[in-house]
Structure formats: C-alpha cells, structure tokens
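Q: Structure file upload29.cif, mmCIF, C-alpha atoms and all ligand atoms, is pasted below:
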data_my_file
#
loop_
_atom_site.label_atom_id
_atom_site.label_comp_id
_atom_site.auth_asym_id
_atom_site.auth_seq_id
_atom_site.Cartn_x
_atom_site.Cartn_y
_atom_site.Cartn_z
CA MET A 13 69.51 59.98 -153.09
CA THR A 14 69.92 63.38 -151.49
CA PHE A 15 66.99 65.17 -149.96
CA SER A 16 67.03 68.02 -152.48
CA GLY A 17 67.49 65.58 -155.36
CA SER A 18 64.40 63.73 -154.30
CA LEU A 19 62.13 66.76 -154.45
CA HIS A 20 60.69 66.01 -157.86
CA VAL A 21 60.22 62.31 -157.42
CA TYR A 22 59.18 62.40 -153.78
CA PRO A 23 55.51 63.22 -154.29
CA ARG A 24 55.10 60.22 -156.61
CA SER A 25 57.00 57.82 -154.38
CA PHE A 26 55.18 59.33 -151.42
CA GLN A 27 51.88 58.60 -153.11
CA ARG A 28 52.93 54.98 -153.64
CA LEU A 29 54.13 54.63 -150.06
CA SER A 30 51.05 56.41 -148.87
CA ALA A 31 48.72 54.17 -150.88
CA LEU A 32 50.51 51.10 -149.58
CA ALA A 33 50.22 52.21 -145.96
CA PHE A 34 46.61 53.25 -146.36
CA GLY A 35 45.80 50.00 -148.15
CA LEU A 36 47.37 48.12 -145.29
CA ALA A 37 45.33 50.10 -142.78
CA LEU A 38 42.10 49.51 -144.70
CA LEU A 39 42.93 45.84 -145.04
CA LEU A 40 43.17 45.66 -141.29
CA ILE A 41 39.98 47.55 -140.68
CA SER A 42 38.25 45.04 -142.92
CA GLN A 43 39.80 42.18 -140.98
CA THR A 44 37.14 42.37 -138.34
CA ALA A 45 38.08 38.92 -137.09
CA ILE A 46 41.29 40.46 -135.76
CA ALA A 47 40.16 42.16 -132.59
CA HIS A 48 43.44 43.82 -131.66
CA PRO A 49 45.54 44.16 -134.80
CA GLY A 50 48.40 45.98 -133.08
CA SER A 51 50.86 44.36 -135.43
CA LEU A 52 50.91 42.43 -138.66
CA TRP A 53 53.87 40.36 -139.87
CA GLY A 54 55.87 41.94 -137.07
CA ILE A 55 55.09 45.51 -138.21
CA ASP A 56 53.67 47.82 -135.56
CA LEU A 57 50.65 49.26 -137.33
CA SER A 58 50.21 52.40 -135.31
CA SER A 59 53.77 53.26 -136.36
CA VAL A 60 52.76 52.77 -140.00
CA VAL A 61 49.89 55.21 -139.61
CA ALA A 62 52.06 57.73 -137.72
CA LEU A 63 54.80 57.35 -140.35
CA ARG A 64 52.28 58.01 -143.06
CA ASP A 65 51.24 61.29 -141.38
CA GLN A 66 54.88 62.33 -141.06
CA ALA A 67 55.53 61.43 -144.69
CA ARG A 68 52.53 63.39 -145.89
CA ILE A 69 53.51 66.54 -144.01
CA ALA A 70 57.14 66.21 -145.16
CA ALA A 71 55.98 65.72 -148.76
CA TYR A 72 53.81 68.83 -148.73
CA ARG A 73 56.56 70.91 -147.16
CA SER A 74 59.34 69.66 -149.41
CA ALA A 75 57.19 70.14 -152.50
CA GLY A 76 56.63 73.72 -151.42
CA ALA A 77 52.87 73.20 -151.43
CA PRO A 78 51.59 75.73 -148.91
CA GLY A 79 48.31 73.95 -148.19
CA GLU A 80 45.40 75.78 -146.67
CA ARG A 81 45.49 76.79 -143.05
CA LEU A 82 43.01 76.98 -140.25
CA ASN A 83 43.25 80.01 -137.98
CA ARG A 84 42.69 78.59 -134.53
CA VAL A 85 42.18 74.86 -134.82
CA SER A 86 45.47 73.00 -134.84
CA THR A 87 44.52 69.64 -133.29
CA ILE A 88 41.34 67.70 -133.97
CA VAL A 89 40.44 64.53 -132.13
CA LEU A 90 38.05 62.19 -133.92
CA ASP A 91 36.38 59.58 -131.76
CA PRO A 92 34.95 56.68 -133.75
CA GLY A 93 32.06 55.59 -131.52
CA HIS A 94 31.99 52.12 -129.94
CA GLY A 95 34.48 49.40 -130.99
CA GLY A 96 35.60 45.96 -129.88
CA ASP A 97 32.97 44.26 -127.71
CA ASN A 98 30.69 47.27 -128.10
CA SER A 99 29.21 47.12 -131.61
CA GLY A 100 26.86 50.06 -131.15
CA ALA A 101 23.75 49.99 -133.30
CA ILE A 102 23.17 47.32 -135.91
CA GLY A 103 21.56 48.73 -138.99
CA VAL A 104 19.01 47.53 -141.50
CA ALA A 105 21.85 46.57 -143.82
CA GLY A 106 23.31 44.38 -141.06
CA ILE A 107 26.35 46.60 -140.64
CA ARG A 108 27.60 47.47 -137.19
CA GLU A 109 27.89 51.07 -136.10
CA LYS A 110 31.42 50.53 -134.73
CA HIS A 111 32.70 49.71 -138.25
CA LEU A 112 30.91 52.62 -139.92
CA THR A 113 32.19 55.15 -137.39
CA LEU A 114 35.77 53.91 -137.82
CA GLU A 115 35.50 54.07 -141.59
CA LEU A 116 34.02 57.58 -141.40
CA ALA A 117 36.80 58.72 -139.05
CA TYR A 118 39.54 57.44 -141.39
CA HIS A 119 38.00 59.20 -144.39
CA LEU A 120 37.39 62.44 -142.49
CA ARG A 121 40.95 62.37 -141.20
CA GLU A 122 42.22 61.86 -144.75
CA ALA A 123 40.10 64.77 -146.04
CA ILE A 124 41.26 67.14 -143.27
CA GLN A 125 44.92 66.27 -143.73
CA GLU A 126 44.76 66.62 -147.49
CA ARG A 127 43.33 70.10 -147.25
CA TYR A 128 45.09 71.23 -144.06
CA PRO A 129 48.38 69.32 -143.85
CA ASP A 130 49.48 71.29 -140.78
CA VAL A 131 46.46 70.25 -138.74
CA ARG A 132 47.08 67.31 -136.44
CA VAL A 133 44.27 64.76 -136.52
CA VAL A 134 44.28 62.18 -133.75
CA MET A 135 41.85 59.28 -133.52
CA THR A 136 40.86 57.77 -130.20
CA ARG A 137 41.01 54.33 -131.79
CA TYR A 138 42.52 53.12 -135.05
CA TRP A 139 41.26 49.56 -134.95
CA ASP A 140 38.29 47.57 -133.78
CA THR A 141 39.20 47.95 -130.14
CA SER A 142 37.23 48.59 -126.97
CA LEU A 143 37.76 51.93 -125.30
CA SER A 144 35.96 53.34 -122.28
CA LEU A 145 34.33 56.76 -122.44
CA PRO A 146 36.77 58.27 -119.90
CA GLU A 147 39.68 56.95 -121.98
CA ARG A 148 38.33 58.69 -125.08
CA VAL A 149 38.00 62.06 -123.32
CA HIS A 150 41.33 61.57 -121.58
CA LEU A 151 43.02 61.06 -124.96
CA ALA A 152 41.42 64.24 -126.30
CA ASN A 153 42.60 66.19 -123.25
CA LEU A 154 46.09 64.72 -123.51
CA ALA A 155 46.26 65.65 -127.20
CA GLN A 156 45.21 69.20 -126.21
CA ALA A 157 42.59 69.05 -128.90
CA ASP A 158 40.88 72.21 -130.12
CA VAL A 159 37.93 70.19 -131.36
CA PHE A 160 36.52 66.83 -130.25
CA LEU A 161 34.06 65.03 -132.52
CA SER A 162 32.57 61.79 -131.26
CA LEU A 163 31.21 60.09 -134.37
CA HIS A 164 28.06 57.98 -134.20
CA TYR A 165 25.13 56.68 -136.17
CA ASN A 166 21.76 56.61 -134.53
CA ALA A 167 19.26 53.87 -133.70
CA ALA A 168 15.67 53.78 -132.55
CA VAL A 169 13.39 50.99 -131.41
CA HIS A 170 10.99 51.78 -134.27
CA ASN A 171 12.08 52.30 -137.86
CA ARG A 172 10.49 55.71 -138.44
CA ALA A 173 13.20 57.84 -136.82
CA VAL A 174 15.31 59.55 -139.48
CA GLY A 175 17.78 62.42 -139.80
CA TYR A 176 20.91 63.86 -138.26
CA GLU A 177 21.43 65.53 -134.89
CA THR A 178 24.30 66.86 -132.80
CA PHE A 179 24.62 66.88 -129.03
CA TYR A 180 26.60 68.88 -126.54
CA LEU A 181 26.50 68.80 -122.77
CA ARG A 182 23.86 70.49 -120.69
CA PRO A 183 25.44 73.36 -118.71
CA GLN A 184 25.00 71.57 -115.38
CA ASP A 185 26.87 68.55 -116.77
CA VAL A 186 29.98 70.38 -117.96
CA THR A 187 31.44 69.76 -114.53
CA PRO A 188 34.09 67.08 -114.71
CA GLU A 189 32.82 65.42 -111.52
CA PRO A 190 31.36 61.94 -112.07
CA ALA A 191 27.56 61.93 -112.27
CA PRO A 192 24.90 59.49 -113.44
CA VAL A 193 24.52 59.34 -117.19
CA GLU A 194 21.14 59.80 -118.78
CA GLU A 195 20.81 57.75 -121.94
CA HIS A 196 19.34 59.53 -124.92
CA THR A 197 19.66 56.86 -127.52
CA ASP A 198 19.33 53.25 -126.69
CA HIS A 199 22.78 52.11 -127.63
CA HIS A 200 25.23 54.42 -125.94
CA ASP A 201 27.75 53.55 -123.32
CA ALA A 202 26.87 54.87 -119.92
CA SER A 203 29.95 55.12 -117.81
CA PRO A 204 30.84 58.39 -116.13
CA ILE A 205 33.87 60.45 -116.90
CA GLU A 206 36.48 60.30 -114.23
CA GLY A 207 39.67 62.20 -113.79
CA ALA A 208 40.07 65.35 -115.87
CA ARG A 209 39.68 67.50 -112.75
CA LEU A 210 40.96 71.01 -113.01
CA VAL A 211 44.22 71.61 -111.25
CA GLY A 212 44.16 73.83 -108.20
CA GLN A 213 40.83 73.04 -106.52
CA HIS A 214 41.65 74.40 -103.09
CA GLY A 215 38.31 75.92 -102.13
CA ASP A 216 39.73 79.25 -103.17
CA ASP A 217 37.04 81.59 -104.52
CA LEU A 218 39.21 82.79 -107.34
CA VAL A 219 39.86 79.22 -108.47
CA PHE A 220 36.10 78.52 -108.51
CA ILE A 221 35.37 81.69 -110.46
CA GLN A 222 38.08 80.86 -112.98
CA ARG A 223 36.78 77.33 -113.28
CA ASP A 224 33.23 78.55 -113.87
CA LEU A 225 34.44 80.95 -116.54
CA ILE A 226 36.38 78.19 -118.29
CA ARG A 227 33.35 75.90 -118.17
CA ALA A 228 31.01 78.58 -119.46
CA HIS A 229 33.41 79.35 -122.31
CA GLN A 230 33.85 75.67 -123.20
CA HIS A 231 30.09 75.18 -123.07
CA GLU A 232 29.43 78.14 -125.35
CA LEU A 233 32.03 76.96 -127.86
CA SER A 234 30.59 73.43 -127.81
CA ALA A 235 27.20 74.91 -128.71
CA ARG A 236 28.80 76.78 -131.61
CA LEU A 237 30.55 73.61 -132.76
CA ALA A 238 27.27 71.67 -132.60
CA HIS A 239 25.53 74.30 -134.71
CA SER A 240 28.41 74.26 -137.21
CA VAL A 241 27.98 70.49 -137.58
CA GLN A 242 24.23 70.76 -138.14
CA ASN A 243 24.79 73.56 -140.68
CA GLY A 244 27.32 71.36 -142.45
CA PHE A 245 24.86 68.49 -142.62
CA ARG A 246 22.09 70.76 -143.90
CA GLY A 247 24.36 71.83 -146.74
CA HIS A 248 25.26 68.30 -147.82
CA LEU A 249 22.61 65.80 -146.73
CA ASP A 250 19.12 65.34 -148.07
CA SER A 251 17.60 64.21 -144.77
CA ILE A 252 15.79 65.58 -141.73
CA ASP A 253 17.52 68.17 -139.54
CA ARG A 254 16.70 66.99 -136.00
CA GLY A 255 18.59 69.93 -134.58
CA VAL A 256 21.18 70.66 -131.93
CA LYS A 257 20.38 69.04 -128.59
CA GLN A 258 21.80 69.01 -125.12
CA ALA A 259 22.31 65.80 -123.17
CA ASN A 260 24.52 64.30 -120.55
CA PHE A 261 26.71 62.08 -122.69
CA GLY A 262 29.53 60.39 -120.80
CA VAL A 263 31.87 60.78 -123.74
CA LEU A 264 31.64 64.57 -123.48
CA ARG A 265 31.99 64.99 -119.73
CA GLY A 266 35.40 66.15 -118.63
CA ALA A 267 36.44 67.34 -122.09
CA HIS A 268 38.50 70.52 -121.84
CA MET A 269 37.74 71.59 -125.40
CA PRO A 270 34.61 72.19 -127.52
CA ALA A 271 33.15 68.70 -127.79
CA VAL A 272 30.10 67.21 -129.49
CA VAL A 273 28.47 63.88 -130.27
CA VAL A 274 27.57 63.66 -133.95
CA GLU A 275 24.71 61.36 -134.93
CA ALA A 276 25.01 61.29 -138.71
CA GLY A 277 21.82 59.36 -139.47
CA PHE A 278 19.61 56.45 -138.41
CA LEU A 279 20.92 52.99 -139.16
CA THR A 280 17.52 51.64 -138.25
CA HIS A 281 15.58 53.60 -140.88
CA PRO A 282 14.81 51.48 -143.96
CA ASP A 283 16.00 54.10 -146.51
CA GLU A 284 18.54 56.10 -144.54
CA GLY A 285 20.00 52.93 -143.01
CA SER A 286 20.89 51.53 -146.42
CA ARG A 287 22.09 54.91 -147.74
CA LEU A 288 24.52 55.36 -144.85
CA ILE A 289 26.70 52.48 -146.02
CA GLU A 290 27.10 53.89 -149.55
CA ARG A 291 30.45 55.41 -150.42
CA ALA A 292 28.87 58.51 -152.01
CA HIS A 293 26.84 59.17 -148.89
CA ARG A 294 29.86 58.75 -146.65
CA GLN A 295 31.66 61.34 -148.77
CA ARG A 296 28.78 63.77 -148.24
CA VAL A 297 29.06 63.23 -144.48
CA VAL A 298 32.83 63.83 -144.70
CA ASN A 299 32.27 67.04 -146.69
CA ALA A 300 29.65 68.21 -144.19
CA LEU A 301 31.99 67.66 -141.23
CA LEU A 302 34.89 69.30 -143.06
CA ASP A 303 32.71 72.37 -143.69
CA ALA A 304 31.69 72.29 -140.03
CA ILE A 305 35.31 72.37 -138.88
CA VAL A 306 36.18 75.21 -141.25
CA ASN A 307 33.16 77.25 -140.16
CA PHE A 308 33.81 76.60 -136.50
CA ASP A 309 37.41 77.68 -136.94
CA ALA A 310 36.23 80.96 -138.49
CA GLU A 311 33.80 81.47 -135.59
CA LEU A 312 36.54 80.73 -133.10
CA GLU A 313 38.74 83.35 -134.71
CA HIS A 314 35.89 85.83 -134.43
CA VAL A 315 35.04 84.96 -130.80
CA LEU A 316 38.65 85.03 -129.62
CA ASP A 317 39.32 88.30 -131.44
CA ASP A 318 36.37 89.90 -129.63
CA GLN A 319 37.74 89.00 -126.24
CA PRO A 320 39.46 91.81 -124.34
ZN ZN B 401 26.66 55.29 -131.09
#
Starting from the file, lay out its structure as structure tokens.
Ligand SMILES: [Zn+2]

A:
Amino acid sequence: MTFSGSLHVYPRSFQRLSALAFGLALLLISQTAIAHPGSLWGIDLSSVVALRDQARIAAYRSAGAPGERLNRVSTIVLDPGHGGDNSGAIGVAGIREKHLTLELAYHLREAIQERYPDVRVVMTRYWDTSLSLPERVHLANLAQADVFLSLHYNAAVHNRAVGYETFYLRPQDVTPEPAPVEEHTDHHDASPIEGARLVGQHGDDLVFIQRDLIRAHQHELSARLAHSVQNGFRGHLDSIDRGVKQANFGVLRGAHMPAVVVEAGFLTHPDEGSRLIERAHRQRVVNALLDAIVNFDAELEHVLDDQP
C-alpha cells in the first residue's frame, strides 16, 4: 500500500491501532501487581506509547486535518504524583493517589493531543514506578518544557478539608540550590532538588543579574500558570476554591519553566473523595486543566509580546 493510497483508510486503521495501543497501556496501568512493566510479551511498552504519538501526528498531518494550535506552548510535561513504593494519599474509596494521578495524566495527555496534535506531551512516568523529585524536574528541564504540571490529589488528617488548590514556589525558593523542604500536605515527598544549576556561575555580576531576571520571570509565569489552573477548576468543578498558594515543594525547585503543583481535590473528604474516582468527574478535571493550558498560552503570548 502506498502512502498516498492509504490516505483514506489510514484514519480508520490508525484508530484501530491507536485503540489497541491505548488498551494495552490501560491494561498495564490496571496491572498494579506489575511494578515495573517495561515490557510485555517482549514488547517494549514505552516504544508502543511513543509509536502511538508518532502515528497520531502522522495521521492528522496525512489527513490534512490542521488541528488547533497553541501560540507559545509547544511542550508540556505532566508529572503524575507519587508512584511505585510511594502511594501518596489513600482516599475514602480506598484508592491510592498514585493510581489516580497516573490515570488523570493519561487522560489529560490524550485530550491535549487530540485538540493540539503538534503539542508534545511528555509524562515523567508512564507506569507505577518510583521516581525521585529531582528526577521529575530533571526530566522536565531535559524536555525543555514550556509548562510543568505536577498532578496530585490532596489529603488531610481530618475529613473536613475539601476543594482544589494550586501551588507555586515562594520567590526565595526559586533558587535551584538544595534547601530544606517544608511540607504543606502530609503526604508529599520531601527530598531537595539537586542539579539544575544555571550554567556560568562564575561570581560575575552580570551572570547574577541575568540569573535573577530569569528567576523572577519564571516565578511570575508560574504564578500566572497557577491562577490559570484555579480559574479552570472554578469553571468546571463544583467544589471549594482554596486558592493559589506558595510553598517550597521539592518537585518545583530547579524547574526552568513555569511549574505548579495541582491538588485537584481531597481524597480524604467523604463526598469529594468518592467523587474523584468517577469517570465524569475526572473528565471535568481534564477539561479544567485543558482550559488552564489554553488560557496560560494566551497569557504567555500577551506577556512575551509586551517585552521589549
Ligand atoms: Zn500528592
């Protein structure tokens, strides 16, 4: 079959291939007993996922479907919180946060790629694997992400806490130097970010000024991203807006791009905790985060256009 001859049938066969690959991926996510499902029946699964992305982009392009475009955001890194030995919070429905965040990340990735096929969406983990906080940030920096969303669900020692909130770093913590981590929720990892130092630290005043400017810019954009996420949630979720907050989260320190921790709801709240595992609710969270990315992209366009 020639490439041009396959144009009309490709979308259908692509859908089948795509469904098969996605089914396989979902099957593996559900196989929680498999801690490191790097391969199944001799098939390297990360290659399957990567192949699926390639196939999707090729299908859109060959079908002549233009797809929508973002102005400034071309790479998004989604960080499904926790994983492997680190389960995160355990909710009222008995579900572990690490599974919910992974499921959310897969669905958000799917939604972004369907609407914006040219946008690259990278996940820090694709399976139920352990990953340190520095590794997550390092991956985002390596991917040269324009946006970094660390996805979490919240927990509290009492069951009254409810609602969604988004965190970005305090200004004094934007520095990539290792520092003690202050825990804001009771279930977060607490290891410092290492590495990710800016190149060219030679005690030169100009280097320090440039570095401060970059940090200030990154900090301001992270604040905008955090507000975009909260606005997205307000538009889609019928819960309490706990607001944008600043904290010293290890998973944000050292990030070179706008970066936030998203807490999409309390697993420990009797009502919200059981709602969070519903498919319809997850779709609302996906829609909220998709809106947030689109709005942030528009803001970014505006901010960068205003710069001299
Ligand atoms: Zn968490």

Q: Once you count all atoms listed in the file, which residues end up within 12 Å of ligand ZN 401 (chain B), and could you hand them over as JSON, numbers by chain?

A: {"A": [91, 92, 93, 94, 95, 98, 99, 100, 101, 102, 103, 108, 109, 110, 111, 112, 113, 114, 145, 162, 163, 164, 165, 166, 167, 168, 178, 179, 195, 196, 197, 198, 199, 200, 201, 202, 261, 262, 263, 273, 274, 275, 276, 277, 278, 279]}

Q: Keeping only C-alpha atoms, write the selected residues as a CSV table (one decimal), in the frame of the given file.

A:
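In the end it all went to selection_16.csv:
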chain,number,residue,atom,x,y,z
A,91,ASP,CA,36.4,59.6,-131.8
A,92,PRO,CA,35.0,56.7,-133.8
A,93,GLY,CA,32.1,55.6,-131.5
A,94,HIS,CA,32.0,52.1,-129.9
A,95,GLY,CA,34.5,49.4,-131.0
A,98,ASN,CA,30.7,47.3,-128.1
A,99,SER,CA,29.2,47.1,-131.6
A,100,GLY,CA,26.9,50.1,-131.2
A,101,ALA,CA,23.8,50.0,-133.3
A,102,ILE,CA,23.2,47.3,-135.9
A,103,GLY,CA,21.6,48.7,-139.0
A,108,ARG,CA,27.6,47.5,-137.2
A,109,GLU,CA,27.9,51.1,-136.1
A,110,LYS,CA,31.4,50.5,-134.7
A,111,HIS,CA,32.7,49.7,-138.2
A,112,LEU,CA,30.9,52.6,-139.9
A,113,THR,CA,32.2,55.2,-137.4
A,114,LEU,CA,35.8,53.9,-137.8
A,145,LEU,CA,34.3,56.8,-122.4
A,162,SER,CA,32.6,61.8,-131.3
A,163,LEU,CA,31.2,60.1,-134.4
A,164,HIS,CA,28.1,58.0,-134.2
A,165,TYR,CA,25.1,56.7,-136.2
A,166,ASN,CA,21.8,56.6,-134.5
A,167,ALA,CA,19.3,53.9,-133.7
A,168,ALA,CA,15.7,53.8,-132.6
A,178,THR,CA,24.3,66.9,-132.8
A,179,PHE,CA,24.6,66.9,-129.0
A,195,GLU,CA,20.8,57.8,-121.9
A,196,HIS,CA,19.3,59.5,-124.9
A,197,THR,CA,19.7,56.9,-127.5
A,198,ASP,CA,19.3,53.2,-126.7
A,199,HIS,CA,22.8,52.1,-127.6
A,200,HIS,CA,25.2,54.4,-125.9
A,201,ASP,CA,27.8,53.6,-123.3
A,202,ALA,CA,26.9,54.9,-119.9
A,261,PHE,CA,26.7,62.1,-122.7
A,262,GLY,CA,29.5,60.4,-120.8
A,263,VAL,CA,31.9,60.8,-123.7
A,273,VAL,CA,28.5,63.9,-130.3
A,274,VAL,CA,27.6,63.7,-134.0
A,275,GLU,CA,24.7,61.4,-134.9
A,276,ALA,CA,25.0,61.3,-138.7
A,277,GLY,CA,21.8,59.4,-139.5
A,278,PHE,CA,19.6,56.4,-138.4
A,279,LEU,CA,20.9,53.0,-139.2

Q: Between region 285-311 of chain A and region 234-258 of chain A, at 10 Å or less, what are the per-residue closest atom pairs and their distances in Å? Count all atoms listed in the file, order by chain and rising residue number, and return it as a Markdown table.

A:
| residue | atom | partner | partner_atom | distance |
| --- | --- | --- | --- | --- |
| A:His293 | CA | A:Leu249 | CA | 8.2 |
| A:Gln295 | CA | A:His248 | CA | 9.5 |
| A:Arg296 | CA | A:His248 | CA | 5.8 |
| A:Val297 | CA | A:Phe245 | CA | 7.0 |
| A:Val298 | CA | A:His248 | CA | 9.3 |
| A:Asn299 | CA | A:His248 | CA | 7.2 |
| A:Ala300 | CA | A:Gly244 | CA | 4.3 |
| A:Leu301 | CA | A:Gly244 | CA | 6.1 |
| A:Leu302 | CA | A:Gly244 | CA | 7.9 |
| A:Asp303 | CA | A:Gly244 | CA | 5.6 |
| A:Ala304 | CA | A:Ser240 | CA | 4.8 |
| A:Ile305 | CA | A:Ser240 | CA | 7.3 |
| A:Val306 | CA | A:Ser240 | CA | 8.8 |
| A:Asn307 | CA | A:Ser240 | CA | 6.3 |
| A:Phe308 | CA | A:Leu237 | CA | 5.8 |
| A:Asp309 | CA | A:Leu237 | CA | 9.0 |
| A:Glu311 | CA | A:Arg236 | CA | 7.9 |

Q: The selected residues should be written to file as a PDB file, in the coordinates of the input (atoms: C-alpha atoms).

A:
ATOM      1  CA  HIS A 293      26.840  59.170-148.890  1.00  0.00           C
ATOM      2  CA  GLN A 295      31.660  61.340-148.770  1.00  0.00           C
ATOM      3  CA  ARG A 296      28.780  63.770-148.240  1.00  0.00           C
ATOM      4  CA  VAL A 297      29.060  63.230-144.480  1.00  0.00           C
ATOM      5  CA  VAL A 298      32.830  63.830-144.700  1.00  0.00           C
ATOM      6  CA  ASN A 299      32.270  67.040-146.690  1.00  0.00           C
ATOM      7  CA  ALA A 300      29.650  68.210-144.190  1.00  0.00           C
ATOM      8  CA  LEU A 301      31.990  67.660-141.230  1.00  0.00           C
ATOM      9  CA  LEU A 302      34.890  69.300-143.060  1.00  0.00           C
ATOM     10  CA  ASP A 303      32.710  72.370-143.690  1.00  0.00           C
ATOM     11  CA  ALA A 304      31.690  72.290-140.030  1.00  0.00           C
ATOM     12  CA  ILE A 305      35.310  72.370-138.880  1.00  0.00           C
ATOM     13  CA  VAL A 306      36.180  75.210-141.250  1.00  0.00           C
ATOM     14  CA  ASN A 307      33.160  77.250-140.160  1.00  0.00           C
ATOM     15  CA  PHE A 308      33.810  76.600-136.500  1.00  0.00           C
ATOM     16  CA  ASP A 309      37.410  77.680-136.940  1.00  0.00           C
ATOM     17  CA  GLU A 311      33.800  81.470-135.590  1.00  0.00           C
TER      18      GLU A 311
END

Q: Can you measure CA of Ala259 (chain A) to CA of Val272 (chain A) for me? One decimal in Å is fine.

A: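 If I compute the distance from CA of Ala259 (chain A) to CA of Val272 (chain A), I get 10.1 Å.
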
Q: Check the smallest atom-to-atom distance from each of A:Ala152, A:Val133, A:Leu181, A:Ala67 to Arg265 (chain A) using all atoms listed in the file, then report the winner.

A: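 Of all the options, A:Leu181 lies closest to Arg265 (chain A).
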
Q: Quick one: pull the distance between CA of His231 (chain A) and CA of Ile88 (chain A), Å, one decimal.

A: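 CA of Ile88 (chain A) lies at a distance of 17.4 Å from CA of His231 (chain A).
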
Q: Here is a test: counting all atoms listed in the file, which residue of A:Ile221, A:Ala105, A:Met135, A:Ala157 is nearest to Tyr118 (chain A)?

A: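 So, comparing all the options, the nearest one is A:Met135.
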